[in-house]
$ cat final_21.csv   # CSV, C-alpha atoms
chain,number,residue,atom,x,y,z
A,1,PHE,CA,-11.3,29.3,-9.5
A,2,GLU,CA,-11.9,31.9,-12.1
A,3,ALA,CA,-8.2,32.2,-12.8
A,4,VAL,CA,-8.1,28.4,-13.5
A,5,GLU,CA,-11.0,28.7,-15.8
A,6,ASN,CA,-9.4,31.6,-17.6
A,7,ALA,CA,-6.1,29.7,-18.0
A,8,LEU,CA,-8.0,26.7,-19.4
A,9,LYS,CA,-9.8,28.9,-21.9
A,10,ILE,CA,-6.4,30.1,-23.3
A,11,LEU,CA,-5.1,26.5,-23.5
A,12,ASN,CA,-8.3,24.7,-24.5
A,13,SER,CA,-7.7,24.3,-28.2
A,14,THR,CA,-4.1,23.0,-27.8
A,15,LEU,CA,-5.1,20.6,-25.0
A,16,SER,CA,-8.0,19.3,-27.2
A,17,PHE,CA,-5.7,19.0,-30.2
A,18,TYR,CA,-3.4,16.7,-28.3
A,19,LYS,CA,-6.3,14.9,-26.7
A,20,ILE,CA,-5.2,15.8,-23.2
A,21,LYS,CA,-8.0,15.3,-20.7
A,22,VAL,CA,-8.3,17.9,-17.9
A,23,LYS,CA,-10.0,16.9,-14.8
A,24,ILE,CA,-11.1,19.7,-12.4
A,25,LYS,CA,-12.2,19.1,-8.9
A,26,LYS,CA,-13.4,22.4,-7.6
A,27,GLY,CA,-14.3,21.7,-4.1
A,28,LYS,CA,-15.0,24.6,-1.9
A,29,ASP,CA,-14.5,28.0,-3.5
A,30,PHE,CA,-11.6,30.0,-2.0
A,31,LYS,CA,-10.6,33.6,-2.6
A,32,ILE,CA,-7.2,34.7,-3.6
A,33,TYR,CA,-6.3,38.3,-2.9
A,34,GLY,CA,-3.8,39.7,-5.4
A,35,PHE,CA,-3.2,39.7,-9.1
A,36,LYS,CA,-5.9,37.6,-10.8
A,37,ASN,CA,-4.3,37.9,-14.3
A,38,GLU,CA,-0.8,37.2,-13.1
A,39,TYR,CA,-2.1,34.2,-11.1
A,40,ALA,CA,-3.9,32.9,-14.3
A,41,GLN,CA,-0.6,33.4,-16.2
A,42,ALA,CA,1.2,31.3,-13.6
A,43,ILE,CA,-1.4,28.5,-14.1
A,44,VAL,CA,-1.1,28.8,-17.9
A,45,ASN,CA,2.7,28.3,-17.6
A,46,ILE,CA,2.4,25.2,-15.5
A,47,ILE,CA,-0.4,23.6,-17.6
A,48,SER,CA,1.5,24.5,-20.8
A,49,ASN,CA,4.7,22.8,-19.5
A,50,ALA,CA,2.6,19.7,-18.5
A,51,LYS,CA,1.2,19.7,-22.0
A,52,ASP,CA,4.6,19.9,-23.5
A,53,ILE,CA,6.0,17.0,-21.5
A,54,LEU,CA,2.9,14.8,-22.1
A,55,VAL,CA,3.4,15.4,-25.8
A,56,ASP,CA,7.2,15.0,-25.9
A,57,ARG,CA,6.9,11.7,-23.9
A,58,LYS,CA,4.0,10.5,-26.1
A,59,VAL,CA,2.0,9.5,-23.0
A,60,THR,CA,-0.9,7.2,-23.7
A,61,ASN,CA,-4.1,8.7,-22.2
A,62,PRO,CA,-2.5,12.0,-21.1
A,63,LYS,CA,-4.2,13.7,-18.2
A,64,ILE,CA,-3.9,16.8,-16.1
A,65,LYS,CA,-5.7,17.1,-12.8
A,66,ILE,CA,-6.4,20.4,-11.1
A,67,TYR,CA,-7.8,20.4,-7.6
A,68,ILE,CA,-7.8,22.3,-4.3
A,69,LYS,CA,-7.0,20.9,-0.9
A,70,GLU,CA,-8.3,22.8,2.1
A,71,GLU,CA,-5.5,22.7,4.6
A,72,LYS,CA,-4.0,25.3,6.9
A,73,HIS,CA,-3.9,27.4,3.7
A,74,ASN,CA,-5.9,26.6,0.5
A,75,THR,CA,-3.5,25.1,-2.0
A,76,LEU,CA,-4.1,24.6,-5.7
A,77,TYR,CA,-2.6,21.5,-7.2
A,78,ILE,CA,-1.8,20.8,-10.9
A,79,GLU,CA,-0.9,17.2,-11.5
A,80,ASP,CA,0.0,15.3,-14.7
A,81,ASN,CA,0.7,11.7,-15.6
A,82,ALA,CA,3.9,12.3,-17.7
A,83,GLY,CA,6.2,10.3,-15.4
A,84,GLY,CA,7.6,13.1,-13.2
A,85,VAL,CA,10.5,15.5,-13.2
A,86,ASP,CA,14.0,13.9,-13.4
A,87,LYS,CA,15.4,13.9,-9.8
A,88,ASN,CA,18.6,15.5,-11.0
A,89,ILE,CA,16.8,18.7,-12.2
A,90,LEU,CA,13.9,18.8,-9.7
A,91,ASP,CA,15.6,21.7,-7.7
A,92,LYS,CA,16.5,23.6,-10.9
A,93,ILE,CA,13.3,23.9,-12.8
A,94,PHE,CA,12.4,27.3,-11.3
A,95,ASP,CA,15.8,28.7,-12.2
A,96,PRO,CA,16.0,31.4,-14.8
A,97,TYR,CA,17.0,30.2,-18.3
A,98,PHE,CA,16.9,26.5,-17.2
A,99,THR,CA,15.1,24.4,-19.9
A,100,THR,CA,14.8,20.8,-20.9
A,101,LYS,CA,13.3,21.9,-24.3
A,102,CYS,CA,16.5,22.4,-26.2
A,103,ASN,CA,15.0,23.3,-29.5
A,104,TYR,CA,12.2,25.7,-28.3
A,105,GLY,CA,12.5,26.4,-24.6
A,106,THR,CA,13.7,29.6,-23.1
A,107,GLY,CA,13.6,28.6,-19.4
A,108,ILE,CA,11.7,31.6,-18.4
A,109,GLY,CA,8.1,30.3,-17.9
A,110,LEU,CA,8.5,28.5,-14.6
A,111,TYR,CA,10.9,31.2,-13.4
A,112,MET,CA,8.3,33.9,-14.1
A,113,THR,CA,5.7,31.6,-12.4
A,114,LYS,CA,7.8,31.5,-9.3
A,115,LEU,CA,8.3,35.3,-9.3
A,116,ILE,CA,4.5,35.9,-9.7
A,117,ILE,CA,3.5,33.5,-6.9
A,118,GLU,CA,6.3,34.2,-4.4
A,119,GLU,CA,7.3,37.8,-5.0
A,120,LYS,CA,4.0,39.4,-6.2
A,121,MET,CA,1.6,37.3,-4.2
A,122,ASN,CA,3.6,36.3,-1.1
A,123,GLY,CA,2.8,32.7,-1.8
A,124,GLU,CA,4.7,29.5,-2.4
A,125,ILE,CA,5.1,27.2,-5.3
A,126,LYS,CA,6.6,23.7,-5.1
A,127,VAL,CA,7.0,20.7,-7.3
A,128,GLU,CA,7.3,17.1,-6.4
A,129,ASN,CA,6.9,13.7,-8.1
A,130,SER,CA,4.1,11.3,-7.6
A,131,ILE,CA,3.8,7.8,-8.8
A,132,LYS,CA,2.4,8.9,-12.2
A,133,GLY,CA,3.9,12.3,-12.8
A,134,ALA,CA,4.7,15.8,-11.4
A,135,ILE,CA,2.6,17.7,-8.9
A,136,PHE,CA,2.8,21.5,-8.7
A,137,SER,CA,1.3,23.1,-5.6
A,138,ILE,CA,0.5,26.8,-5.3
A,139,THR,CA,-0.3,28.3,-1.9
A,140,VAL,CA,-1.2,31.9,-1.6

$ encode --input "final_21.csv" --output "structure tokens"
Amino acid sequence: FEAVENALKILNSTLSFYKIKVKIKKGKDFKIYGFKNEYAQAIVNIISNAKDILVDRKVTNPKIKIYIKEEKHNTLYIEDNAGGVDKNILDKIFDPYFTTKCNYGTGIGLYMTKLIIEEKMNGEIKVENSIKGAIFSITV
């Protein structure tokens, strides 16, 4: 969970500025073997995107939940309450240069996140919509 805490240290001031509450449910500690800094960067990218959409959509009482589910493999979940990802672009958000942030997005953050998780760490990253928002899952 150290990588999550490091990511939150990087983003803490901006999350506080926008009054975004971050709820962390640690559960059982699990070890990830691989690149700690790259894993933390992937988490930063996901949380930063969640922050951007919460701000853009002017969500009342914005929240990000981070938790682990102990399944066949331990999976880290990052969930927001920003209304979810448009179904028409759900399968494109990890593509290089794809962005919904016309004025300031490069479309490289989630693409790099996918490369880190899947290519460098032999893991898997997915996104799906919940009732309240988007849920990113990272399994390594």

$ closest_residue --input "final_21.csv" --among "A:Ser130, A:Gln41, A:Ser48, A:Ser16" --to "A:Val85" --atoms "only C-alpha atoms"
A:Ser130

$ residues_near_point --input "final_21.csv" --point "(3.4, 30.0, -5.6)" --cutoff "12 Å" --atoms "only C-alpha atoms" --output "VMD selection string"
chain A and resid 32 38 to 43 46 74 to 78 94 110 to 127 136 to 140

$ residues_around --input "final_21.csv" --residues "A:Val22" --least-positions-apart "4" --cutoff "6 Å" --atoms "all atoms listed in the file" --output "list in words"
Lys63, Ile64 and Lys65 of chain A

$ atom_distance --input "final_21.csv" --atom1 "atom CA of A:Asp91" --atom2 "atom CA of A:Lys132"
18.9 Å

$ closest_residue --input "final_21.csv" --among "A:Tyr18, A:Glu128, A:Phe98, A:Ala3" --to "A:Asp56" --atoms "only C-alpha atoms"
A:Tyr18

$ closest_residue --input "final_21.csv" --among "A:Ser13, A:Ile66, A:Asn129, A:Asn37" --to "A:Asp86" --atoms "all atoms listed in the file"
A:Asn129

$ closest_residue --input "final_21.csv" --among "A:Ile108, A:Lys58, A:Ile47, A:Tyr67" --to "A:Asn12" --atoms "only C-alpha atoms"
A:Ile47

$ closest_residue --input "final_21.csv" --among "A:Ala50, A:Ile68, A:Phe17, A:Val55" --to "A:Asp80" --atoms "all atoms listed in the file"
A:Ala50

$ build_atoms --input "final_21.csv" --residues "stretch 49-60 of chain A" --atoms "all heavy atoms" --output "tab-separated table (two decimals), keeping the file's coordinate frame"
chain	number	residue	atom	x	y	z
A	49	ASN	N	3.52	23.68	-19.64
A	49	ASN	CA	4.70	22.80	-19.50
A	49	ASN	C	4.23	21.34	-19.34
A	49	ASN	O	4.89	20.44	-19.89
A	49	ASN	CB	5.48	23.21	-18.24
A	49	ASN	CG	6.45	24.32	-18.54
A	49	ASN	OD1	6.47	24.87	-19.64
A	49	ASN	ND2	7.26	24.67	-17.56
A	50	ALA	N	3.14	21.10	-18.63
A	50	ALA	CA	2.60	19.70	-18.50
A	50	ALA	C	2.22	19.20	-19.87
A	50	ALA	O	2.53	18.06	-20.23
A	50	ALA	CB	1.43	19.71	-17.54
A	51	LYS	N	1.56	20.05	-20.66
A	51	LYS	CA	1.20	19.70	-22.00
A	51	LYS	C	2.39	19.29	-22.84
A	51	LYS	O	2.44	18.26	-23.51
A	51	LYS	CB	0.39	20.79	-22.68
A	51	LYS	CG	-0.14	20.51	-24.08
A	51	LYS	CD	0.72	21.00	-25.21
A	51	LYS	CE	1.11	22.45	-25.13
A	51	LYS	NZ	2.12	22.82	-26.14
A	52	ASP	N	3.43	20.12	-22.78
A	52	ASP	CA	4.60	19.90	-23.50
A	52	ASP	C	5.28	18.53	-23.20
A	52	ASP	O	5.67	17.77	-24.08
A	52	ASP	CB	5.67	20.99	-23.32
A	52	ASP	CG	5.26	22.32	-23.95
A	52	ASP	OD1	4.36	22.32	-24.82
A	52	ASP	OD2	5.86	23.35	-23.57
A	53	ILE	N	5.38	18.22	-21.93
A	53	ILE	CA	6.00	17.00	-21.50
A	53	ILE	C	5.16	15.76	-21.85
A	53	ILE	O	5.66	14.71	-22.23
A	53	ILE	CB	6.47	17.02	-20.04
A	53	ILE	CG1	7.55	15.97	-19.76
A	53	ILE	CG2	5.33	16.86	-19.10
A	53	ILE	CD1	8.88	16.30	-20.36
A	54	LEU	N	3.85	15.91	-21.72
A	54	LEU	CA	2.90	14.80	-22.10
A	54	LEU	C	3.09	14.51	-23.59
A	54	LEU	O	3.12	13.34	-23.99
A	54	LEU	CB	1.48	15.19	-21.78
A	54	LEU	CG	1.10	15.19	-20.31
A	54	LEU	CD1	-0.18	15.98	-20.08
A	54	LEU	CD2	0.95	13.77	-19.79
A	55	VAL	N	3.20	15.54	-24.40
A	55	VAL	CA	3.40	15.40	-25.80
A	55	VAL	C	4.74	14.81	-26.17
A	55	VAL	O	4.88	13.85	-26.93
A	55	VAL	CB	3.10	16.70	-26.59
A	55	VAL	CG1	3.48	16.60	-28.07
A	55	VAL	CG2	1.64	17.11	-26.45
A	56	ASP	N	5.79	15.41	-25.58
A	56	ASP	CA	7.20	15.00	-25.90
A	56	ASP	C	7.37	13.49	-25.50
A	56	ASP	O	8.06	12.76	-26.21
A	56	ASP	CB	8.18	15.80	-25.08
A	56	ASP	CG	8.33	17.21	-25.63
A	56	ASP	OD1	7.81	17.47	-26.74
A	56	ASP	OD2	8.96	18.04	-24.95
A	57	ARG	N	6.77	13.06	-24.39
A	57	ARG	CA	6.90	11.70	-23.90
A	57	ARG	C	5.92	10.72	-24.55
A	57	ARG	O	5.90	9.55	-24.22
A	57	ARG	CB	6.88	11.61	-22.42
A	57	ARG	CG	8.06	12.30	-21.77
A	57	ARG	CD	8.03	12.17	-20.27
A	57	ARG	NE	9.19	12.83	-19.68
A	57	ARG	CZ	9.34	13.05	-18.37
A	57	ARG	NH1	8.41	12.63	-17.51
A	57	ARG	NH2	10.42	13.65	-17.91
A	58	LYS	N	5.07	11.27	-25.41
A	58	LYS	CA	4.00	10.50	-26.10
A	58	LYS	C	3.26	9.58	-25.10
A	58	LYS	O	3.08	8.39	-25.30
A	58	LYS	CB	4.68	9.60	-27.18
A	58	LYS	CG	5.33	10.40	-28.28
A	58	LYS	CD	6.05	9.50	-29.26
A	58	LYS	CE	6.62	10.22	-30.44
A	58	LYS	NZ	7.66	11.19	-30.18
A	59	VAL	N	2.77	10.23	-24.04
A	59	VAL	CA	2.00	9.50	-23.00
A	59	VAL	C	0.69	9.06	-23.53
A	59	VAL	O	-0.04	9.82	-24.16
A	59	VAL	CB	1.82	10.47	-21.77
A	59	VAL	CG1	0.91	9.83	-20.73
A	59	VAL	CG2	3.16	10.85	-21.17
A	60	THR	N	0.41	7.78	-23.32
A	60	THR	CA	-0.90	7.20	-23.70
A	60	THR	C	-1.90	7.70	-22.66
A	60	THR	O	-1.64	7.67	-21.46
A	60	THR	CB	-0.84	5.68	-23.67
A	60	THR	OG1	0.25	5.27	-24.49
A	60	THR	CG2	-2.11	5.07	-24.19
